[in-house]
Protein chains: 2
Amino acid sequence: MPEQPVRARLVDVAERAGVSKATVSKVLNGRQDLSVRPETRRRVHEAAEALGYRPHSGARALAGASTHVLALLVPALGNPTYVTIARGVYQRARQLGYLSLLAEDFDGQEADESFNDLVQEGRVDGLLVASARPGHPLLDTLSRSPVPHVFLNRAVAGSGRNVTMDVARSSVTALDHLHGLGHRAVGHIAGPPGITPSEVRKEAFLRHADALGLDAAPVASGDFTEDGGGFAARELLRPTDGGERPPVTAVYTSSLAQAIGAMAAIRELGLRIPEDVSVIGNDDLPVAAHLHPPLTTVAMPLYELGTAAVDALVATIESAPVGDVVVPTEPRLVLRGSTARPPGPGVTP
Amino acid sequence: MPEQPVRARLVDVAERAGVSKATVSKVLNGRQDLSVRPETRRRVHEAAEALGYRPHSGARALAGASTHVLALLVPALGNPTYVTIARGVYQRARQLGYLSLLAEDFDGQEADESFNDLVQEGRVDGLLVASARPGHPLLDTLSRSPVPHVFLNRAVAGSGRNVTMDVARSSVTALDHLHGLGHRAVGHIAGPPGITPSEVRKEAFLRHADALGLDAAPVASGDFTEDGGGFAARELLRPTDGGERPPVTAVYTSSLAQAIGAMAAIRELGLRIPEDVSVIGNDDLPVAAHLHPPLTTVAMPLYELGTAAVDALVATIESAPVGDVVVPTEPRLVLRGSTARPPGPGVTP
DNA sequence: AAGTTCGAGTCAACCGGTTTCCTCGGACGG
DNA sequence: CCGTCCGAGGAAACCGGTTGACTCGAACTT
């Protein structure tokens, strides 16, 4: 059997190849500050292969080289959006020879401590921060720290380290769709204030609603959860000044969970989807297709956001920082059953 | 400001406390093979505190001590069930001073490689395997390897390292509920064959259906996904031998996603939930409450499964293995709108 | 009073890599 | 023919902890 009973070490490889530790190290790390005969190089690789050599990560980290570990901080793992991002991060990291550590930022405090530890203990080479929020303690820590890091999804203005998606475009896509169906009064359920993608999405919504000349474009804010969406939906649909029809015929939400909550709330108000109210949400995740009715969404390139963030971070680590990055893939409309033409004022063509 | 500009090392602490490196190391690691005066102990702790000392993980691992890192392998991160487990693992690990690494086992191959690397590179102290499956390459690797590990959720018979929930009980709870409502023909949507929780749930279902004397208890298998649930539901509801009523009045699914898919399929068949068919699923996750109708579920102690698995693994690492463990929390019925009395044969009391 | 034991630490060898500075022999230039 | 340069690789220090063996003085025994 080709298995080694015990870990092979660098010396073992060196011995088998008939060279010194130093040479093996340099060859295996592909350093070009040393000239080696192709023949020697081959022998080293062969020996390493034959012994199934894996460098001990601790020793490596200790000797000043990198750990090849990245850490990703997300605000909520319960949110499938972040899970998708995390998968992108994980897979791309592995492709590049890195490992990724996943941490959840329950209360904002946790993050700061946990990341400090990670960095101080020399466990990670870099940080991917998806949970930036104004005033977050970590931001301050990071800004005065030399550890490589990027912000993804939630941008930090002026950091020059943001990796984001074309969030503004998603609002345009959603509105164009609803406008094309004939909607003239569309409400938006935004995320909590102060969070970049939420703010950007809201502003783009308002700007484009204006450009399209909509009659009404009210906005309500709520958490990115089902309940947040439910409350906001009730707010948007409460009939104003004695009228008996809801003030909007369609709702565009900032997250998928909000859309689910909004749908439940809309039905509880005795309205039908999509006959009375159309609903369109952001982020196309598997569950969207199986809701009742199936939810029309704007698919955001979440997975790619993850991979792009890793690319940016690794570039930073290798001292070739790339500045702010916007993932090139555009948001894509996924048409399903939750959007339709608005109820005509008695008109049934 | 109390921040140190540069990492404090063990020697720095030793110097400040006026003792040797060895003493500091032993004191901070709480080893009792050394007697130290309380006074000295205090000085050491003070010095460490003052300097904000964090041991370098690489150095520590290299010196033969543990890395204090655990790795968790899950079959699919897209499945919120595993995310919940992962949270339990992550938090309990941190409480015990460990870090947890999350890996996704996309194809079964990945896992084996990735875990081998992790272990070979001395990155982790132990493994939490939630994706065991008969014939999984990792099982073989693990059985001949000295690395501490436990299997959670999916048990490996005879390993003496299983951490599981009372899955059989969940079938009993679900069936009792349906039986109490008057259902006499209940279908079960099981997971893929060969996977322990799925098998156990199925067998418990059949056994208890027998004990209750149900008229019919057909079983269909499908992936743990929405689509898997959808296909299986169609199979269960296909009218047999020319009858026009579906052969069952209720469906009990092995996963939440399956329940969502089943609900969609049931509606596509022109049946109402819960008037025509009741649906009850396993695992109570937030989305269940916001479905249409809100889904009745059996809540499994997933988070605790994660914490219990960490406890068991850490015990194993500290050479006090605990054998098979069953999480004590019992499955709990969460009553919502997807279950009701079966349609009477024309009887409306 | 001398030997022994015990408490309280210290010494120094490791762990497995990385990296800096050398060495050594042959080719080449003058 | 001798000095120099260069290609190819080696020696050893070092990274920051951990650990078992060892020391040293005081107390305890007999």
# chains A, B, ... in the order shown; residues from 1 in each chain; ligands from 1

$ select_by_dssp --residues "range 77-180 of chain A" --states "helix (DSSP H, G or I)" --output "ChimeraX atom specification"
/A:80-95,109-120,137-143,167-180

$ write_last_selection --atoms "N, CA and C atoms" --output "tab-separated table (two decimals), in the first residue's frame"
chain	number	residue	atom	x	y	z
A	80	PRO	N	-29.82	32.55	3.98
A	80	PRO	CA	-29.23	31.75	2.89
A	80	PRO	C	-28.39	32.58	1.93
A	81	THR	N	-28.66	33.87	1.89
A	81	THR	CA	-27.86	34.74	1.06
A	81	THR	C	-26.38	34.60	1.44
A	82	TYR	N	-26.11	34.65	2.70
A	82	TYR	CA	-24.73	34.60	3.14
A	82	TYR	C	-24.14	33.21	2.99
A	83	VAL	N	-25.02	32.25	3.07
A	83	VAL	CA	-24.54	30.89	2.87
A	83	VAL	C	-24.04	30.74	1.43
A	84	THR	N	-24.78	31.32	0.51
A	84	THR	CA	-24.36	31.25	-0.88
A	84	THR	C	-23.03	31.96	-1.08
A	85	ILE	N	-22.91	33.11	-0.48
A	85	ILE	CA	-21.64	33.83	-0.56
A	85	ILE	C	-20.52	32.98	0.03
A	86	ALA	N	-20.83	32.38	1.16
A	86	ALA	CA	-19.82	31.58	1.86
A	86	ALA	C	-19.34	30.41	1.00
A	87	ARG	N	-20.26	29.85	0.24
A	87	ARG	CA	-19.85	28.75	-0.62
A	87	ARG	C	-18.89	29.22	-1.69
A	88	GLY	N	-19.19	30.36	-2.24
A	88	GLY	CA	-18.29	30.92	-3.24
A	88	GLY	C	-16.91	31.16	-2.65
A	89	VAL	N	-16.91	31.70	-1.47
A	89	VAL	CA	-15.65	31.99	-0.79
A	89	VAL	C	-14.88	30.69	-0.56
A	90	TYR	N	-15.58	29.75	0.01
A	90	TYR	CA	-14.95	28.48	0.36
A	90	TYR	C	-14.32	27.81	-0.85
A	91	GLN	N	-15.09	27.75	-1.92
A	91	GLN	CA	-14.59	27.01	-3.08
A	91	GLN	C	-13.44	27.71	-3.77
A	92	ARG	N	-13.58	29.00	-3.93
A	92	ARG	CA	-12.51	29.74	-4.60
A	92	ARG	C	-11.24	29.70	-3.74
A	93	ALA	N	-11.43	29.81	-2.46
A	93	ALA	CA	-10.28	29.77	-1.56
A	93	ALA	C	-9.54	28.44	-1.74
A	94	ARG	N	-10.28	27.39	-1.78
A	94	ARG	CA	-9.63	26.09	-1.93
A	94	ARG	C	-8.91	25.98	-3.26
A	95	GLN	N	-9.52	26.54	-4.29
A	95	GLN	CA	-8.85	26.53	-5.59
A	95	GLN	C	-7.50	27.23	-5.52
A	109	GLN	N	-20.15	42.21	18.73
A	109	GLN	CA	-19.08	42.17	19.71
A	109	GLN	C	-18.20	40.97	19.40
A	110	GLU	N	-18.89	39.89	19.35
A	110	GLU	CA	-18.29	38.62	18.99
A	110	GLU	C	-17.23	38.77	17.90
A	111	ALA	N	-17.64	39.46	16.86
A	111	ALA	CA	-16.79	39.58	15.69
A	111	ALA	C	-15.45	40.20	16.05
A	112	ASP	N	-15.54	41.28	16.75
A	112	ASP	CA	-14.34	42.03	17.05
A	112	ASP	C	-13.38	41.14	17.84
A	113	GLU	N	-13.88	40.54	18.87
A	113	GLU	CA	-13.04	39.66	19.68
A	113	GLU	C	-12.49	38.53	18.87
A	114	SER	N	-13.40	37.85	18.24
A	114	SER	CA	-13.04	36.66	17.52
A	114	SER	C	-11.98	36.95	16.45
A	115	PHE	N	-12.18	38.04	15.75
A	115	PHE	CA	-11.23	38.36	14.70
A	115	PHE	C	-9.89	38.80	15.25
A	116	ASN	N	-9.96	39.52	16.33
A	116	ASN	CA	-8.72	39.91	16.95
A	116	ASN	C	-7.92	38.68	17.34
A	117	ASP	N	-8.60	37.76	17.95
A	117	ASP	CA	-7.93	36.53	18.34
A	117	ASP	C	-7.31	35.86	17.13
A	118	LEU	N	-8.14	35.68	16.13
A	118	LEU	CA	-7.69	35.01	14.93
A	118	LEU	C	-6.40	35.62	14.39
A	119	VAL	N	-6.41	36.93	14.33
A	119	VAL	CA	-5.26	37.62	13.78
A	119	VAL	C	-4.08	37.57	14.74
A	120	GLN	N	-4.35	37.89	15.99
A	120	GLN	CA	-3.28	37.92	16.98
A	120	GLN	C	-2.63	36.56	17.15
A	137	PRO	N	-17.46	47.91	15.76
A	137	PRO	CA	-16.15	48.02	16.43
A	137	PRO	C	-15.01	47.47	15.58
A	138	LEU	N	-15.33	46.49	14.78
A	138	LEU	CA	-14.29	45.87	13.98
A	138	LEU	C	-13.66	46.85	12.98
A	139	LEU	N	-14.48	47.76	12.47
A	139	LEU	CA	-13.99	48.70	11.46
A	139	LEU	C	-12.82	49.50	11.99
A	140	ASP	N	-12.99	49.95	13.19
A	140	ASP	CA	-11.95	50.75	13.80
A	140	ASP	C	-10.69	49.91	13.99
A	141	THR	N	-10.88	48.75	14.55
A	141	THR	CA	-9.76	47.85	14.76
A	141	THR	C	-9.02	47.60	13.45
A	142	LEU	N	-9.79	47.32	12.42
A	142	LEU	CA	-9.17	46.98	11.14
A	142	LEU	C	-8.41	48.14	10.54
A	143	SER	N	-9.00	49.33	10.65
A	143	SER	CA	-8.38	50.46	9.97
A	143	SER	C	-7.00	50.77	10.52
A	167	VAL	N	-25.90	46.55	-7.23
A	167	VAL	CA	-27.15	46.54	-6.49
A	167	VAL	C	-28.16	47.54	-7.05
A	168	ALA	N	-27.66	48.67	-7.49
A	168	ALA	CA	-28.55	49.68	-8.07
A	168	ALA	C	-29.29	49.11	-9.26
A	169	ARG	N	-28.54	48.37	-10.04
A	169	ARG	CA	-29.11	47.75	-11.23
A	169	ARG	C	-30.29	46.82	-10.88
A	170	SER	N	-30.21	46.16	-9.74
A	170	SER	CA	-31.28	45.23	-9.39
A	170	SER	C	-32.60	45.97	-9.20
A	171	SER	N	-32.52	47.17	-8.64
A	171	SER	CA	-33.75	47.95	-8.48
A	171	SER	C	-34.31	48.34	-9.84
A	172	VAL	N	-33.41	48.70	-10.73
A	172	VAL	CA	-33.84	49.09	-12.07
A	172	VAL	C	-34.52	47.91	-12.76
A	173	THR	N	-33.89	46.76	-12.66
A	173	THR	CA	-34.44	45.57	-13.31
A	173	THR	C	-35.83	45.25	-12.77
A	174	ALA	N	-35.96	45.29	-11.45
A	174	ALA	CA	-37.25	44.97	-10.84
A	174	ALA	C	-38.32	45.98	-11.26
A	175	LEU	N	-37.94	47.25	-11.20
A	175	LEU	CA	-38.92	48.29	-11.54
A	175	LEU	C	-39.32	48.24	-13.00
A	176	ASP	N	-38.35	48.01	-13.86
A	176	ASP	CA	-38.66	47.92	-15.29
A	176	ASP	C	-39.69	46.80	-15.53
A	177	HIS	N	-39.46	45.70	-14.86
A	177	HIS	CA	-40.38	44.58	-15.01
A	177	HIS	C	-41.80	44.96	-14.59
A	178	LEU	N	-41.91	45.54	-13.40
A	178	LEU	CA	-43.23	45.91	-12.88
A	178	LEU	C	-43.87	47.00	-13.74
A	179	HIS	N	-43.06	47.96	-14.15
A	179	HIS	CA	-43.57	49.05	-14.98
A	179	HIS	C	-44.07	48.50	-16.31
A	180	GLY	N	-43.31	47.54	-16.83
A	180	GLY	CA	-43.70	46.92	-18.10
A	180	GLY	C	-45.04	46.19	-17.98

$ closest_atom_pairs --of "chain A" --to "chain C" --cutoff "10 Å" --atoms "only C-alpha atoms (C1' of nucleotides)" --output "CSV"
residue,atom,partner,partner_atom,distance
A:Arg9,CA,C:DG16,C1',7.0
A:Leu10,CA,C:DG16,C1',7.2
A:Val11,CA,C:DG16,C1',8.7
A:Lys21,CA,C:DG17,C1',9.0
A:Ala22,CA,C:DT18,C1',7.9
A:Ser25,CA,C:DT18,C1',7.4
A:Lys26,CA,C:DT18,C1',8.6
A:Pro55,CA,C:DG17,C1',7.5
A:His56,CA,C:DG16,C1',6.6
A:Ser57,CA,C:DG17,C1',8.6
A:Gly58,CA,C:DG16,C1',8.2
A:Ala59,CA,C:DG17,C1',4.9
A:Arg60,CA,C:DG17,C1',5.0
A:Ala61,CA,C:DG17,C1',8.3
A:Leu62,CA,C:DG17,C1',7.8
A:Ala63,CA,C:DT18,C1',5.4
A:Gly64,CA,C:DT18,C1',7.1
A:Ala65,CA,C:DT18,C1',7.1

$ write_last_selection --atoms "all heavy atoms" --output "CSV table (one decimal), in the first residue's frame"
chain,number,residue,atom,x,y,z
A,9,ARG,N,8.1,14.4,6.7
A,9,ARG,CA,8.5,15.7,7.0
A,9,ARG,C,9.5,16.2,5.9
A,9,ARG,O,9.9,15.4,5.0
A,9,ARG,CB,9.2,15.8,8.4
A,9,ARG,CG,8.3,15.6,9.5
A,9,ARG,CD,9.1,15.0,10.6
A,9,ARG,NE,10.1,14.0,10.1
A,9,ARG,CZ,11.1,13.5,10.8
A,9,ARG,NH1,11.3,14.0,12.0
A,9,ARG,NH2,11.9,12.6,10.3
A,10,LEU,N,9.8,17.5,6.0
A,10,LEU,CA,10.6,18.1,5.0
A,10,LEU,C,12.0,17.3,4.9
A,10,LEU,O,12.5,17.0,3.8
A,10,LEU,CB,10.9,19.5,5.4
A,10,LEU,CG,11.6,20.3,4.3
A,10,LEU,CD1,10.8,20.4,3.1
A,10,LEU,CD2,11.9,21.7,4.8
A,11,VAL,N,12.5,17.0,6.1
A,11,VAL,CA,13.8,16.3,6.1
A,11,VAL,C,13.7,14.9,5.3
A,11,VAL,O,14.6,14.5,4.7
A,11,VAL,CB,14.4,16.0,7.5
A,11,VAL,CG1,15.2,17.1,7.9
A,11,VAL,CG2,13.2,15.7,8.4
A,21,LYS,N,17.3,20.3,3.2
A,21,LYS,CA,16.0,20.8,3.5
A,21,LYS,C,15.8,22.1,2.8
A,21,LYS,O,14.7,22.3,2.2
A,21,LYS,CB,16.0,21.1,5.0
A,21,LYS,CG,15.8,20.0,5.9
A,21,LYS,CD,15.9,20.3,7.4
A,21,LYS,CE,15.4,21.7,7.8
A,21,LYS,NZ,15.3,21.9,9.3
A,22,ALA,N,16.8,22.9,2.8
A,22,ALA,CA,16.7,24.3,2.2
A,22,ALA,C,16.2,24.1,0.7
A,22,ALA,O,15.3,24.8,0.2
A,22,ALA,CB,18.0,25.0,2.3
A,25,SER,N,12.6,23.0,0.4
A,25,SER,CA,11.7,24.1,0.7
A,25,SER,C,11.6,25.0,-0.5
A,25,SER,O,10.5,25.4,-0.9
A,25,SER,CB,12.2,24.8,1.9
A,25,SER,OG,11.4,25.9,2.2
A,26,LYS,N,12.7,25.4,-1.0
A,26,LYS,CA,12.7,26.4,-2.1
A,26,LYS,C,12.0,25.8,-3.3
A,26,LYS,O,11.2,26.5,-4.0
A,26,LYS,CB,14.1,26.9,-2.4
A,26,LYS,CG,14.6,27.8,-1.3
A,26,LYS,CD,16.1,28.0,-1.4
A,26,LYS,CE,16.6,28.9,-0.3
A,26,LYS,NZ,18.1,28.8,-0.2
A,55,PRO,N,3.3,19.8,4.0
A,55,PRO,CA,4.0,20.7,5.0
A,55,PRO,C,3.1,20.9,6.2
A,55,PRO,O,1.9,21.0,6.1
A,55,PRO,CB,4.2,22.0,4.3
A,55,PRO,CG,3.4,21.9,3.1
A,55,PRO,CD,3.1,20.5,2.8
A,56,HIS,N,3.7,20.9,7.4
A,56,HIS,CA,3.0,21.2,8.6
A,56,HIS,C,2.6,22.6,8.7
A,56,HIS,O,3.5,23.5,8.7
A,56,HIS,CB,3.8,20.7,9.8
A,56,HIS,CG,3.1,20.8,11.1
A,56,HIS,ND1,2.9,22.0,11.8
A,56,HIS,CD2,2.6,19.9,11.9
A,56,HIS,CE1,2.3,21.8,12.9
A,56,HIS,NE2,2.0,20.5,13.0
A,57,SER,N,1.3,22.9,8.8
A,57,SER,CA,0.9,24.3,8.7
A,57,SER,C,1.4,25.2,9.8
A,57,SER,O,1.8,26.3,9.6
A,57,SER,CB,-0.6,24.4,8.6
A,57,SER,OG,-1.1,24.0,9.8
A,58,GLY,N,1.5,24.6,11.0
A,58,GLY,CA,2.0,25.3,12.1
A,58,GLY,C,3.4,25.7,12.0
A,58,GLY,O,3.8,26.9,12.1
A,59,ALA,N,4.2,24.8,11.6
A,59,ALA,CA,5.6,25.1,11.4
A,59,ALA,C,5.8,26.2,10.3
A,59,ALA,O,6.6,27.1,10.5
A,59,ALA,CB,6.4,23.8,10.9
A,60,ARG,N,5.0,26.1,9.3
A,60,ARG,CA,5.1,27.0,8.2
A,60,ARG,C,4.8,28.4,8.7
A,60,ARG,O,5.5,29.4,8.5
A,60,ARG,CB,4.1,26.6,7.2
A,60,ARG,CG,4.4,27.2,5.9
A,60,ARG,CD,3.5,26.6,4.9
A,60,ARG,NE,4.2,26.2,3.7
A,60,ARG,CZ,3.5,25.6,2.6
A,60,ARG,NH1,2.3,25.4,2.7
A,60,ARG,NH2,4.2,25.3,1.6
A,61,ALA,N,3.7,28.5,9.4
A,61,ALA,CA,3.2,29.8,9.9
A,61,ALA,C,4.3,30.4,10.9
A,61,ALA,O,4.6,31.5,10.9
A,61,ALA,CB,1.9,29.6,10.7
A,62,LEU,N,4.8,29.5,11.7
A,62,LEU,CA,5.8,29.9,12.7
A,62,LEU,C,7.0,30.5,12.0
A,62,LEU,O,7.6,31.5,12.4
A,62,LEU,CB,6.2,28.7,13.5
A,62,LEU,CG,7.1,29.0,14.7
A,62,LEU,CD1,6.6,30.2,15.5
A,62,LEU,CD2,7.4,27.8,15.5
A,63,ALA,N,7.4,29.9,10.9
A,63,ALA,CA,8.6,30.3,10.3
A,63,ALA,C,8.4,31.6,9.5
A,63,ALA,O,9.3,32.0,8.7
A,63,ALA,CB,9.1,29.2,9.4
A,64,GLY,N,7.3,32.2,9.6
A,64,GLY,CA,7.1,33.5,9.0
A,64,GLY,C,6.4,33.5,7.7
A,64,GLY,O,6.0,34.5,7.2
A,65,ALA,N,6.2,32.3,7.2
A,65,ALA,CA,5.4,32.2,5.9
A,65,ALA,C,3.9,32.4,6.3
A,65,ALA,O,3.6,32.5,7.4
A,65,ALA,CB,5.7,30.9,5.2

$ atom_distance --atom1 "CA of Ser254 in chain B" --atom2 "CA of Ile273 in chain B"
18.1 Å

$ select_by_dssp --residues "range 2-163 of chain B" --states "strand (DSSP E or B)" --output "PyMOL selection string"
chain B and resi 69-74+99-104+126-129+149-152+162-163

$ closest_residue --among "B:Val27, B:Leu128, B:Leu181, B:Glu226" --to "Gly78 in chain B" --atoms "only C-alpha atoms"
B:Glu226

$ atom_distance --atom1 "CA of Tyr98 in chain B" --atom2 "CA of Val325 in chain B"
20.6 Å

$ closest_atom_pairs --of "chain D" --to "range 34-42 of chain A" --cutoff "12 Å" --atoms "only C-alpha atoms (C1' of nucleotides)" --output "CSV"
residue,atom,partner,partner_atom,distance
D:DC6,C1',A:Ser35,CA,10.6
D:DG7,C1',A:Ser35,CA,6.9
D:DA8,C1',A:Val36,CA,6.0
D:DG9,C1',A:Val36,CA,7.8

$ write_last_selection --atoms "N, CA and C atoms (P, O5', C5', C4', C3', O3' and C1' of nucleotides)" --output "PDB file, in the first residue's frame"
ATOM      1  P    DC D   6      28.472  37.436 -12.348  1.00  0.00           P
ATOM      2  O5'  DC D   6      27.832  36.010 -12.630  1.00  0.00           O
ATOM      3  C5'  DC D   6      28.321  35.197 -13.719  1.00  0.00           C
ATOM      4  C4'  DC D   6      27.946  33.753 -13.440  1.00  0.00           C
ATOM      5  C3'  DC D   6      26.597  33.597 -12.718  1.00  0.00           C
ATOM      6  O3'  DC D   6      25.871  32.554 -13.329  1.00  0.00           O
ATOM      7  C1'  DC D   6      28.265  32.424 -11.546  1.00  0.00           C
ATOM      8  P    DG D   7      24.294  32.554 -13.182  1.00  0.00           P
ATOM      9  O5'  DG D   7      23.992  30.998 -13.265  1.00  0.00           O
ATOM     10  C5'  DG D   7      24.809  30.154 -14.080  1.00  0.00           C
ATOM     11  C4'  DG D   7      25.012  28.827 -13.372  1.00  0.00           C
ATOM     12  C3'  DG D   7      23.722  28.244 -12.774  1.00  0.00           C
ATOM     13  O3'  DG D   7      23.728  26.850 -13.026  1.00  0.00           O
ATOM     14  C1'  DG D   7      25.355  28.454 -11.082  1.00  0.00           C
ATOM     15  P    DA D   8      22.373  25.984 -12.715  1.00  0.00           P
ATOM     16  O5'  DA D   8      22.734  25.374 -11.298  1.00  0.00           O
ATOM     17  C5'  DA D   8      23.782  24.419 -11.199  1.00  0.00           C
ATOM     18  C4'  DA D   8      23.893  23.936  -9.777  1.00  0.00           C
ATOM     19  C3'  DA D   8      22.552  23.627  -9.107  1.00  0.00           C
ATOM     20  O3'  DA D   8      22.632  22.331  -8.537  1.00  0.00           O
ATOM     21  C1'  DA D   8      23.863  25.027  -7.734  1.00  0.00           C
ATOM     22  P    DG D   9      21.329  21.609  -7.940  1.00  0.00           P
ATOM     23  O5'  DG D   9      21.634  21.868  -6.407  1.00  0.00           O
ATOM     24  C5'  DG D   9      22.842  21.311  -5.898  1.00  0.00           C
ATOM     25  C4'  DG D   9      23.175  21.992  -4.626  1.00  0.00           C
ATOM     26  C3'  DG D   9      22.228  21.709  -3.458  1.00  0.00           C
ATOM     27  O3'  DG D   9      22.903  20.820  -2.590  1.00  0.00           O
ATOM     28  C1'  DG D   9      23.059  23.920  -3.442  1.00  0.00           C
TER      29       DG D   9
END

$ atom_distance --atom1 "CA of Leu152 in chain A" --atom2 "CA of Ala315 in chain A"
14.7 Å

$ interface_residues --of "chain D" --to "chain B" --cutoff "6 Å" --atoms "only C-alpha atoms (C1' of nucleotides)" --output "PyMOL selection string"
chain D and resi 16-18

$ closest_residue --among "A:Glu121, A:Glu275, A:Glu49, A:Glu15" --to "chain B" --atoms "only C-alpha atoms"
A:Glu121

$ residues_around --residues "range 182-189 of chain B" --least-positions-apart "6" --cutoff "10 Å" --atoms "only C-alpha atoms (C1' of nucleotides)" --output "ChimeraX atom specification"
/B:171,175-176,198,201-202,205-206,209,212-224,228-233,235-237,246-255,258-259,262,277-281,340-344

$ closest_residue --among "B:Val163, B:Ala130, B:Ala308, B:Val124" --to "chain A" --atoms "only C-alpha atoms"
B:Val124

$ closest_residue --among "A:Ala157, A:Leu127, A:Val6, A:Val200" --to "chain B" --atoms "only C-alpha atoms"
A:Val6
